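One file, coords-v2.txt, is given below (compact mmCIF, C-alpha atoms).
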# COMPACT_ATOMS: atom_id res chain seq x y z
CA MET F 35 -78.70 -26.36 13.20
CA ASP F 36 -79.17 -22.59 12.87
CA LEU F 37 -82.48 -20.95 11.96
CA ASN F 38 -81.33 -20.24 8.39
CA THR F 39 -80.79 -23.94 7.77
CA LEU F 40 -84.03 -24.82 9.56
CA TRP F 41 -86.06 -22.56 7.30
CA PHE F 42 -84.30 -23.81 4.19
CA LEU F 43 -85.34 -27.32 5.24
CA LEU F 44 -88.91 -26.25 6.00
CA ILE F 45 -89.28 -24.53 2.63
CA ALA F 46 -87.84 -27.62 0.93
CA VAL F 47 -90.38 -29.80 2.78
CA LEU F 48 -93.23 -27.51 1.74
CA PHE F 49 -92.22 -27.62 -1.92
CA ILE F 50 -91.70 -31.38 -1.83
CA GLY F 51 -95.12 -31.83 -0.22
CA TYR F 52 -96.62 -29.68 -2.96
CA PHE F 53 -94.92 -31.68 -5.72
CA VAL F 54 -96.18 -34.96 -4.25
CA LEU F 55 -99.77 -33.83 -3.67
CA ASP F 56 -100.43 -31.43 -6.51
CA GLY F 57 -98.21 -33.56 -8.74
CA PHE F 58 -100.87 -36.23 -9.11
CA ASP F 59 -103.54 -33.51 -9.48
CA LEU F 60 -101.60 -32.13 -12.44
CA GLY F 61 -101.17 -35.61 -13.88
CA VAL F 62 -104.89 -36.33 -13.59
CA GLY F 63 -105.70 -33.02 -15.27
CA ILE F 64 -103.35 -33.80 -18.17
CA LEU F 65 -104.94 -37.22 -18.67
CA LEU F 66 -108.54 -36.00 -18.38
CA PRO F 67 -109.44 -35.61 -22.10
CA PHE F 68 -107.60 -38.79 -23.06
CA LEU F 69 -108.90 -41.27 -20.48
CA GLY F 70 -112.44 -39.93 -20.22
CA LYS F 71 -114.36 -40.78 -23.39
CA LYS F 72 -117.79 -39.70 -22.13
CA ASP F 73 -118.98 -36.98 -19.80
CA THR F 74 -119.71 -39.47 -17.02
CA GLU F 75 -116.18 -40.86 -17.27
CA ARG F 76 -114.62 -37.40 -17.20
CA ARG F 77 -116.70 -36.57 -14.15
CA MET F 78 -115.32 -39.70 -12.49
CA ILE F 79 -111.78 -38.50 -13.20
CA ILE F 80 -112.42 -35.00 -11.87
CA ASN F 81 -114.18 -36.33 -8.78
CA ALA F 82 -111.04 -38.30 -7.95
CA ILE F 83 -109.19 -35.03 -7.23
CA GLY F 84 -112.20 -32.79 -6.57
CA PRO F 85 -112.01 -32.84 -2.74
CA HIS F 86 -108.22 -32.40 -2.67
CA TRP F 87 -106.80 -30.15 -5.39
CA ASP F 88 -107.40 -26.78 -3.72
CA ALA F 89 -106.08 -27.97 -0.34
CA ASN F 90 -103.00 -29.38 -2.09
CA GLU F 91 -102.22 -25.94 -3.52
CA VAL F 92 -102.05 -24.56 0.02
CA TRP F 93 -98.61 -26.17 0.23
CA LEU F 94 -97.42 -23.97 -2.64
CA ILE F 95 -98.92 -20.82 -1.15
CA THR F 96 -97.33 -21.59 2.21
CA ALA F 97 -93.96 -22.31 0.60
CA GLY F 98 -94.08 -18.99 -1.27
CA GLY F 99 -95.05 -17.12 1.88
CA ALA F 100 -92.29 -18.79 3.89
CA MET F 101 -89.75 -17.94 1.18
CA PHE F 102 -90.87 -14.30 1.16
CA ALA F 103 -90.61 -13.99 4.94
CA ALA F 104 -87.48 -16.05 5.60
CA PHE F 105 -85.42 -15.28 2.47
CA PRO F 106 -86.75 -12.05 0.93
CA VAL F 107 -83.73 -11.54 -1.35
CA TRP F 108 -84.17 -15.05 -2.78
CA TYR F 109 -87.86 -14.32 -3.31
CA ALA F 110 -87.21 -10.96 -4.99
CA THR F 111 -84.45 -12.21 -7.31
CA LEU F 112 -86.35 -15.36 -8.19
CA PHE F 113 -89.60 -13.64 -9.08
CA SER F 114 -87.91 -10.86 -11.02
CA GLY F 115 -85.82 -13.29 -13.06
CA PHE F 116 -88.48 -15.97 -13.51
CA TYR F 117 -91.33 -13.48 -13.84
CA LEU F 118 -92.66 -14.56 -17.23
CA ALA F 119 -92.26 -18.27 -16.44
CA PHE F 120 -94.12 -17.90 -13.14
CA PHE F 121 -96.77 -15.76 -14.83
CA LEU F 122 -97.42 -18.56 -17.32
CA LEU F 123 -97.45 -21.08 -14.47
CA LEU F 124 -99.97 -18.96 -12.59
CA ILE F 125 -102.18 -18.64 -15.67
CA GLY F 126 -102.14 -22.43 -15.99
CA LEU F 127 -103.12 -22.94 -12.35
CA ILE F 128 -105.89 -20.34 -12.66
CA PHE F 129 -107.37 -21.96 -15.77
CA ARG F 130 -107.21 -25.37 -14.13
CA GLY F 131 -109.00 -24.11 -11.02
CA ILE F 132 -111.64 -22.26 -13.04
CA GLY F 133 -112.18 -25.34 -15.19
CA LEU F 134 -112.69 -27.59 -12.19
CA GLU F 135 -115.25 -25.20 -10.73
CA PHE F 136 -117.03 -24.07 -13.91
CA ARG F 137 -117.44 -27.18 -16.05
CA SER F 138 -120.48 -28.42 -14.13
CA LYS F 139 -122.30 -25.08 -14.31
CA ASP F 140 -123.72 -25.82 -17.75
CA GLU F 141 -124.66 -29.15 -19.33
CA ASN F 142 -123.83 -27.93 -22.84
CA PRO F 143 -121.26 -30.41 -24.28
CA VAL F 144 -119.30 -27.58 -25.94
CA TRP F 145 -119.03 -25.75 -22.62
CA ARG F 146 -117.81 -28.85 -20.79
CA ARG F 147 -115.41 -29.83 -23.56
CA PHE F 148 -113.85 -26.37 -23.47
CA TRP F 149 -113.25 -26.52 -19.71
CA ASP F 150 -111.99 -30.10 -19.89
CA TRP F 151 -109.26 -28.95 -22.25
CA ALA F 152 -108.64 -25.88 -20.07
CA ILE F 153 -108.01 -28.27 -17.17
CA CYS F 154 -105.66 -30.31 -19.36
CA VAL F 155 -103.64 -27.36 -20.65
CA GLY F 156 -103.75 -25.66 -17.25
CA SER F 157 -102.18 -28.79 -15.75
CA PHE F 158 -99.67 -29.32 -18.56
CA ILE F 159 -98.08 -25.87 -18.23
CA PRO F 160 -97.21 -26.04 -14.49
CA ALA F 161 -96.10 -29.68 -14.76
CA LEU F 162 -93.58 -28.63 -17.42
CA LEU F 163 -92.48 -25.31 -15.92
CA TRP F 164 -91.75 -26.65 -12.43
CA GLY F 165 -89.06 -28.91 -13.84
CA VAL F 166 -87.65 -26.07 -15.93
CA ALA F 167 -87.47 -23.82 -12.85
CA LEU F 168 -85.82 -26.38 -10.56
CA ALA F 169 -83.26 -27.34 -13.19
CA ASN F 170 -82.29 -23.68 -13.56
CA PHE F 171 -81.94 -23.39 -9.78
CA VAL F 172 -79.01 -25.81 -9.78
CA ARG F 173 -77.60 -25.08 -13.25
CA GLY F 174 -77.38 -21.38 -12.51
CA VAL F 175 -78.88 -18.20 -13.91
CA PRO F 176 -77.22 -14.82 -14.60
CA ILE F 177 -77.15 -13.05 -11.23
CA ASN F 178 -74.71 -10.17 -10.74
CA GLU F 179 -72.85 -9.01 -7.65
CA MET F 180 -75.84 -6.85 -6.63
CA LYS F 181 -78.00 -10.01 -6.52
CA TYR F 182 -79.99 -8.84 -9.56
CA TYR F 183 -81.10 -11.17 -12.34
CA VAL F 184 -79.55 -9.74 -15.53
CA GLY F 185 -80.68 -12.33 -18.06
CA HIS F 186 -83.85 -12.76 -20.09
CA PHE F 187 -86.56 -15.38 -20.51
CA GLY F 188 -84.57 -17.24 -23.19
CA ASP F 189 -81.81 -17.99 -20.67
CA LEU F 190 -84.24 -20.22 -18.81
CA LEU F 191 -85.04 -22.30 -21.89
CA ASN F 192 -81.68 -24.06 -22.14
CA PRO F 193 -81.48 -27.77 -23.08
CA TYR F 194 -80.79 -28.93 -19.52
CA ALA F 195 -83.76 -27.03 -18.09
CA LEU F 196 -86.08 -28.25 -20.85
CA LEU F 197 -84.99 -31.81 -20.10
CA GLY F 198 -85.84 -31.16 -16.45
CA GLY F 199 -89.24 -29.90 -17.55
CA LEU F 200 -89.82 -33.08 -19.53
CA VAL F 201 -88.92 -35.15 -16.45
CA SER F 202 -91.45 -33.33 -14.26
CA LEU F 203 -94.12 -33.43 -16.97
CA LEU F 204 -93.80 -37.19 -17.52
CA GLY F 205 -93.29 -37.92 -13.83
CA PHE F 206 -96.38 -36.03 -12.70
CA THR F 207 -98.47 -37.58 -15.47
CA LEU F 208 -97.35 -41.08 -14.42
CA HIS F 209 -98.07 -40.15 -10.79
CA GLY F 210 -101.56 -39.05 -11.80
CA ALA F 211 -102.25 -42.22 -13.79
CA LEU F 212 -101.42 -44.35 -10.75
CA PHE F 213 -103.60 -42.17 -8.53
CA LEU F 214 -106.52 -42.73 -10.91
CA GLY F 215 -105.81 -46.46 -10.72
CA LEU F 216 -106.26 -46.20 -6.95
CA LYS F 217 -109.32 -43.96 -6.93
CA THR F 218 -111.53 -44.98 -9.86
CA GLY F 219 -113.41 -48.04 -11.04
CA GLU F 220 -113.96 -49.33 -14.56
CA PRO F 221 -113.55 -48.28 -17.30
CA ILE F 222 -111.15 -45.59 -16.06
CA LEU F 223 -109.17 -48.11 -14.01
CA SER F 224 -108.13 -50.16 -17.06
CA ARG F 225 -107.27 -47.05 -19.08
CA ALA F 226 -105.23 -45.61 -16.20
CA ARG F 227 -103.27 -48.88 -15.94
CA HIS F 228 -102.59 -48.81 -19.67
CA ALA F 229 -101.51 -45.16 -19.50
CA ALA F 230 -99.17 -45.91 -16.59
CA ARG F 231 -97.49 -48.73 -18.54
CA ARG F 232 -97.00 -46.47 -21.55
CA LEU F 233 -95.70 -43.57 -19.45
CA TRP F 234 -93.26 -45.52 -17.29
CA TRP F 235 -90.66 -46.20 -19.98
CA PRO F 236 -90.21 -42.63 -21.27
CA THR F 237 -90.28 -41.32 -17.69
CA THR F 238 -87.49 -43.70 -16.67
CA VAL F 239 -85.35 -42.97 -19.74
CA THR F 240 -85.81 -39.21 -19.32
CA LEU F 241 -84.94 -39.31 -15.61
CA LEU F 242 -81.76 -41.29 -16.34
CA ALA F 243 -80.80 -38.81 -19.07
CA PHE F 244 -81.43 -35.91 -16.71
CA THR F 245 -79.32 -37.56 -14.01
CA VAL F 246 -76.39 -37.95 -16.40
CA SER F 247 -76.83 -34.41 -17.72
CA THR F 248 -76.71 -33.05 -14.18
CA TYR F 249 -73.06 -34.11 -13.99
CA VAL F 250 -72.36 -32.17 -17.17
CA PHE F 251 -74.29 -28.94 -16.62
CA THR F 252 -74.04 -28.43 -12.84
CA ASP F 253 -71.40 -28.59 -10.13
CA ILE F 254 -72.83 -31.73 -8.52
CA TYR F 255 -69.59 -33.63 -9.20
CA GLN F 256 -67.53 -31.09 -7.25
CA ARG F 257 -70.05 -31.05 -4.41
CA LEU F 258 -71.11 -34.70 -4.12
CA GLY F 259 -68.51 -36.63 -6.12
CA VAL F 260 -69.05 -39.51 -8.53
CA ASN F 261 -71.27 -41.24 -6.00
CA PRO F 262 -74.03 -38.71 -5.31
CA GLY F 263 -75.28 -40.63 -2.27
CA PRO F 264 -78.41 -42.61 -1.44
CA VAL F 265 -80.98 -39.89 -2.17
CA PRO F 266 -80.57 -39.47 -5.97
CA ILE F 267 -79.79 -43.18 -6.39
CA GLY F 268 -82.95 -43.96 -4.42
CA ALA F 269 -84.98 -41.75 -6.76
CA VAL F 270 -83.93 -43.82 -9.77
CA LEU F 271 -84.38 -47.16 -7.97
CA SER F 272 -87.86 -46.23 -6.70
CA LEU F 273 -88.94 -45.39 -10.24
CA MET F 274 -87.60 -48.75 -11.38
CA ALA F 275 -89.61 -50.44 -8.63
CA ALA F 276 -92.70 -48.49 -9.69
CA GLY F 277 -92.43 -50.07 -13.14
CA TRP F 278 -92.46 -53.56 -11.66
CA PHE F 279 -95.57 -52.82 -9.59
CA ILE F 280 -97.28 -51.19 -12.57
CA TYR F 281 -96.89 -54.35 -14.64
CA GLN F 282 -98.12 -56.39 -11.66
CA LYS F 283 -101.23 -54.17 -11.53
CA GLN F 284 -100.48 -53.15 -7.95
CA GLU F 285 -101.38 -49.47 -8.15
CA GLY F 286 -101.03 -48.90 -4.41
CA TRP F 287 -97.37 -49.90 -4.33
CA GLY F 288 -96.77 -48.25 -7.68
CA PHE F 289 -98.17 -44.96 -6.39
CA THR F 290 -96.04 -45.30 -3.25
CA MET F 291 -92.94 -45.73 -5.41
CA THR F 292 -93.69 -42.72 -7.61
CA THR F 293 -94.34 -40.70 -4.46
CA LEU F 294 -90.92 -41.76 -3.22
CA THR F 295 -89.42 -40.84 -6.60
CA VAL F 296 -90.88 -37.34 -6.41
CA VAL F 297 -89.69 -36.89 -2.81
CA LEU F 298 -86.16 -38.10 -3.48
CA SER F 299 -85.80 -36.27 -6.82
CA ALA F 300 -86.87 -32.93 -5.32
CA SER F 301 -84.68 -33.60 -2.27
CA THR F 302 -81.71 -34.08 -4.59
CA ILE F 303 -82.28 -30.60 -6.02
CA PHE F 304 -82.26 -29.02 -2.57
CA LEU F 305 -79.27 -31.10 -1.44
CA THR F 306 -77.34 -29.96 -4.51
CA LEU F 307 -78.24 -26.35 -3.78
CA TYR F 308 -77.48 -26.16 -0.03
CA PRO F 309 -76.37 -23.78 1.40
CA ARG F 310 -77.16 -21.86 -1.77
CA VAL F 311 -80.71 -21.08 -2.79
CA LEU F 312 -80.03 -19.77 -6.31
CA VAL F 313 -76.82 -20.34 -8.23
CA SER F 314 -75.21 -17.57 -10.27
CA SER F 315 -73.92 -18.62 -13.68
CA LEU F 316 -71.75 -15.47 -13.87
CA ASP F 317 -69.66 -16.08 -10.77
CA PRO F 318 -70.14 -18.64 -7.96
CA ASN F 319 -69.46 -15.85 -5.46
CA PHE F 320 -72.58 -14.05 -6.67
CA SER F 321 -74.86 -16.97 -5.75
CA LEU F 322 -77.62 -16.42 -3.23
CA THR F 323 -77.25 -18.44 -0.03
CA ILE F 324 -79.32 -19.05 3.07
CA TYR F 325 -77.21 -16.36 4.77
CA ASN F 326 -76.89 -13.49 2.29
CA SER F 327 -80.58 -13.65 1.32
CA ALA F 328 -82.15 -14.20 4.74
CA SER F 329 -84.26 -12.04 7.03
CA GLY F 330 -83.04 -10.97 10.45
CA ILE F 331 -82.71 -13.40 13.32
CA ASN F 332 -85.76 -11.99 15.16
CA THR F 333 -87.95 -12.54 12.10
CA LEU F 334 -86.76 -16.13 11.73
CA ARG F 335 -87.28 -16.80 15.43
CA THR F 336 -90.85 -15.44 15.36
CA MET F 337 -91.65 -17.44 12.22
CA THR F 338 -90.39 -20.60 13.88
CA ILE F 339 -92.72 -20.17 16.85
CA VAL F 340 -95.73 -19.51 14.59
CA ALA F 341 -94.89 -22.51 12.39
CA LEU F 342 -94.62 -24.84 15.39
CA ILE F 343 -98.12 -23.79 16.46
CA LEU F 344 -99.94 -23.82 13.10
CA VAL F 345 -98.30 -26.53 10.97
CA PRO F 346 -99.66 -29.47 13.04
CA PHE F 347 -103.23 -28.24 12.41
CA VAL F 348 -102.62 -28.12 8.66
CA LEU F 349 -101.18 -31.65 8.64
CA VAL F 350 -104.08 -33.03 10.70
CA TYR F 351 -106.61 -31.46 8.32
CA GLN F 352 -104.79 -32.84 5.28
CA VAL F 353 -104.77 -36.38 6.67
CA TRP F 354 -108.41 -36.09 7.73
CA SER F 355 -109.56 -34.95 4.28
CA TYR F 356 -107.89 -37.88 2.54
CA TRP F 357 -109.37 -40.30 5.04
CA VAL F 358 -112.91 -38.94 4.61
CA PHE F 359 -112.70 -39.07 0.78
CA ARG F 360 -110.83 -42.38 0.58
CA ARG F 361 -113.61 -44.22 -1.25
CA ARG F 362 -113.10 -45.35 -4.85
CA ILE F 363 -115.06 -43.34 -7.46
CA THR F 364 -117.43 -45.36 -9.61
CA GLY F 365 -119.88 -44.35 -12.30
CA ARG F 366 -122.91 -44.12 -10.01
CA GLN F 367 -124.75 -40.88 -10.64
CA GLU F 368 -124.98 -39.91 -6.95
CA GLU F 369 -121.18 -39.84 -6.71
CA LEU F 370 -120.67 -37.45 -9.61
CA HIS F 371 -120.79 -33.74 -8.95
CA TYR F 372 -118.32 -32.00 -11.31
Could you express the structure from this file as structure tokens?
Amino acid sequence: MDLNTLWFLLIAVLFIGYFVLDGFDLGVGILLPFLGKKDTERRMIINAIGPHWDANEVWLITAGGAMFAAFPVWYATLFSGFYLAFFLLLIGLIFRGIGLEFRSKDENPVWRRFWDWAICVGSFIPALLWGVALANFVRGVPINEMKYYVGHFGDLLNPYALLGGLVSLLGFTLHGALFLGLKTGEPILSRARHAARRLWWPTTVTLLAFTVSTYVFTDIYQRLGVNPGPVPIGAVLSLMAAGWFIYQKQEGWGFTMTTLTVVLSASTIFLTLYPRVLVSSLDPNFSLTIYNSASGINTLRTMTIVALILVPFVLVYQVWSYWVFRRRITGRQEELHY
């Protein structure tokens, strides 16, 4: 394995980790105004992700930094072409973060209601746009021979990409509902179970439709054949298994299965891309790869050494934080801070 491939894998792992961890944060934020009927109940919901959401976003920041350092041409082309989409995504993440921090600063119901909906909308936008972005990665966007994006924002809003956005939106919301089933007591627990049952069917149907559409709108057939392999098949099967556990009221196994679905679905995107990082819809030869968009070998070697030293500390902290805040959130006043 060369360093270009190694860093492609590391960036893929960072994004997948972000989708798993911040995925349920986004889902919880989307469900906040609908599952929490009173202020105490909404505070229960927010406290479920309160100790984790900002640490989970570190995975995204690290992935972006690694992309900038390891594949600067990929970073430059991506952010110039997806500028407006990423700007909207950033606005959503900012409003969500502000809402989580500001809602408890004033007891006025209007103030708290405003920030509750800011959290909801600020979670909805990234949950939708991540699927749109990843679908465009593999479908292809207009990149010319100079590696410049020559399209416009409307090119990103094609039917296939919007279907991908719907998959991520529903999938993250289902993921969040199951997380709430693990972390909260009544009455949120019963409502989260009901939400998970209602979300599972459309999520499954949409994922199946997206899988079929991938054979139509991308080159996955030429690259992987009729049988795409165990990874994408496993993504569908794990979501099927999640449905069984949801109806058995086994949130722990259900959450494990949706986690596996997110991991395998995102892995399928990166497997379909490799060794490309961004497909050109104008000419396959114009596509960005891990070789024509990479930094020099000395940069990659230095980054590898730094990553080997620092990444273990990040992983240990992440595990420690989830262990410390593993307790289920109930409605007791001393547990509610947000």
Which residue of F:Arg257, F:His186, F:Arg231, F:Arg361 approaches Tyr117 in chain F most closely, using all atoms listed in the file: F:His186
Coordinates-based distance that separates CA of Leu190 in chain F from CA of Pro309 in chain F (Å, one decimal):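 That distance, rounded to one decimal, is 22.0 Å.
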Among the residues F:Val54, F:Ile79, F:Leu163, F:Val250, the one that comes closest to Glu220 in chain F [using only C-alpha atoms]: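 When distances to Glu220 in chain F are compared using only C-alpha atoms, the smallest one comes from F:Ile79.
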Distance in Å - CA of Val340 in chain F versus CA of Leu48 in chain F: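 Here the two named atoms are 15.3 Å from each other.
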Near-Gln352 in chain F list (10 Å; all atoms listed in the file; drop same-chain fewer than 5 positions) as a VMD selection string: chain F and resid 86 89 to 90 346 to 347 357
Spatial neighbours of Val201 in chain F, 12 Å, all atoms listed in the file, chain gap at least 6 places, as a PyMOL selection string: chain F and resi 161-169+194-195+207-209+233-245+273+295-296+299-300
Interatomic distance, CA of Ile363 in chain F to CA of Phe136 in chain F (Å, one decimal):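 Separation of CA of Ile363 in chain F and CA of Phe136 in chain F: 20.4 Å.
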Pick from F:Val175, F:Val265, F:Leu94, F:Val270, whichever lies nearest to Ser314 in chain F using only C-alpha atoms: F:Val175
Using all atoms listed in the file: which of F:Gly156, F:Gly63, F:Pro221, F:Gly263 has the shortest distance to Leu123 in chain F: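 With all atoms listed in the file as the atom set, the closest residue is F:Gly156.
Neighbouring residues of Ser329 in chain F at 9 Å or closer, counting all atoms listed in the file and skipping chain neighbours under 2 positions away, are F:Asn38, F:Ala103, F:Ala104, F:Phe105, F:Pro106, F:Val107, F:Tyr325, F:Asn326, F:Ser327, F:Ile331, F:Asn332, F:Thr333, F:Leu334.
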Counting only C-alpha atoms, the option among F:Ile45, F:Leu118, F:Ile254, F:Leu37 closest to Thr336 in chain F: F:Leu37
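Closest approach to Ile153 in chain F among F:Leu294, F:Leu60, F:Leu216, F:Ala269 is made by F:Leu60 (distances from only C-alpha atoms).
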Residue neighbourhood Asp317 in chain F, 9 Å, all atoms listed in the file, exclusion window fewer than 2 positions, as an MDAnalysis selection string: chainID F and resid 176:179 313:315 319:321
Just the residues within 7 Å of range 56-58 of chain F, please, counting all atoms listed in the file, with nothing from its chain fewer than 3 positions along; format it as a short mmCIF file (atom, residue, chain, number, x, y, z; two decimals) with C-alpha atoms, in the frame of the given file.
data_model
loop_
_atom_site.label_atom_id
_atom_site.label_comp_id
_atom_site.auth_asym_id
_atom_site.auth_seq_id
_atom_site.Cartn_x
_atom_site.Cartn_y
_atom_site.Cartn_z
CA TYR F 52 -96.62 -29.68 -2.96
CA PHE F 53 -94.92 -31.68 -5.72
CA GLY F 61 -101.17 -35.61 -13.88
CA VAL F 62 -104.89 -36.33 -13.59
CA TRP F 87 -106.80 -30.15 -5.39
CA ASN F 90 -103.00 -29.38 -2.09
CA GLU F 91 -102.22 -25.94 -3.52
CA PHE F 206 -96.38 -36.03 -12.70
CA THR F 207 -98.47 -37.58 -15.47
CA HIS F 209 -98.07 -40.15 -10.79
CA GLY F 210 -101.56 -39.05 -11.80
CA PHE F 213 -103.60 -42.17 -8.53
#
With 8 Å on each side, where is the centre of the axis-aligned box around all listed atoms of range 84-94 of chain F, and how long are its edges in Å to one decimal, as AutoDock Vina command-line options?
--center_x -104.8 --center_y -28.4 --center_z -3.2 --size_x 30.8 --size_y 24.9 --size_z 22.8
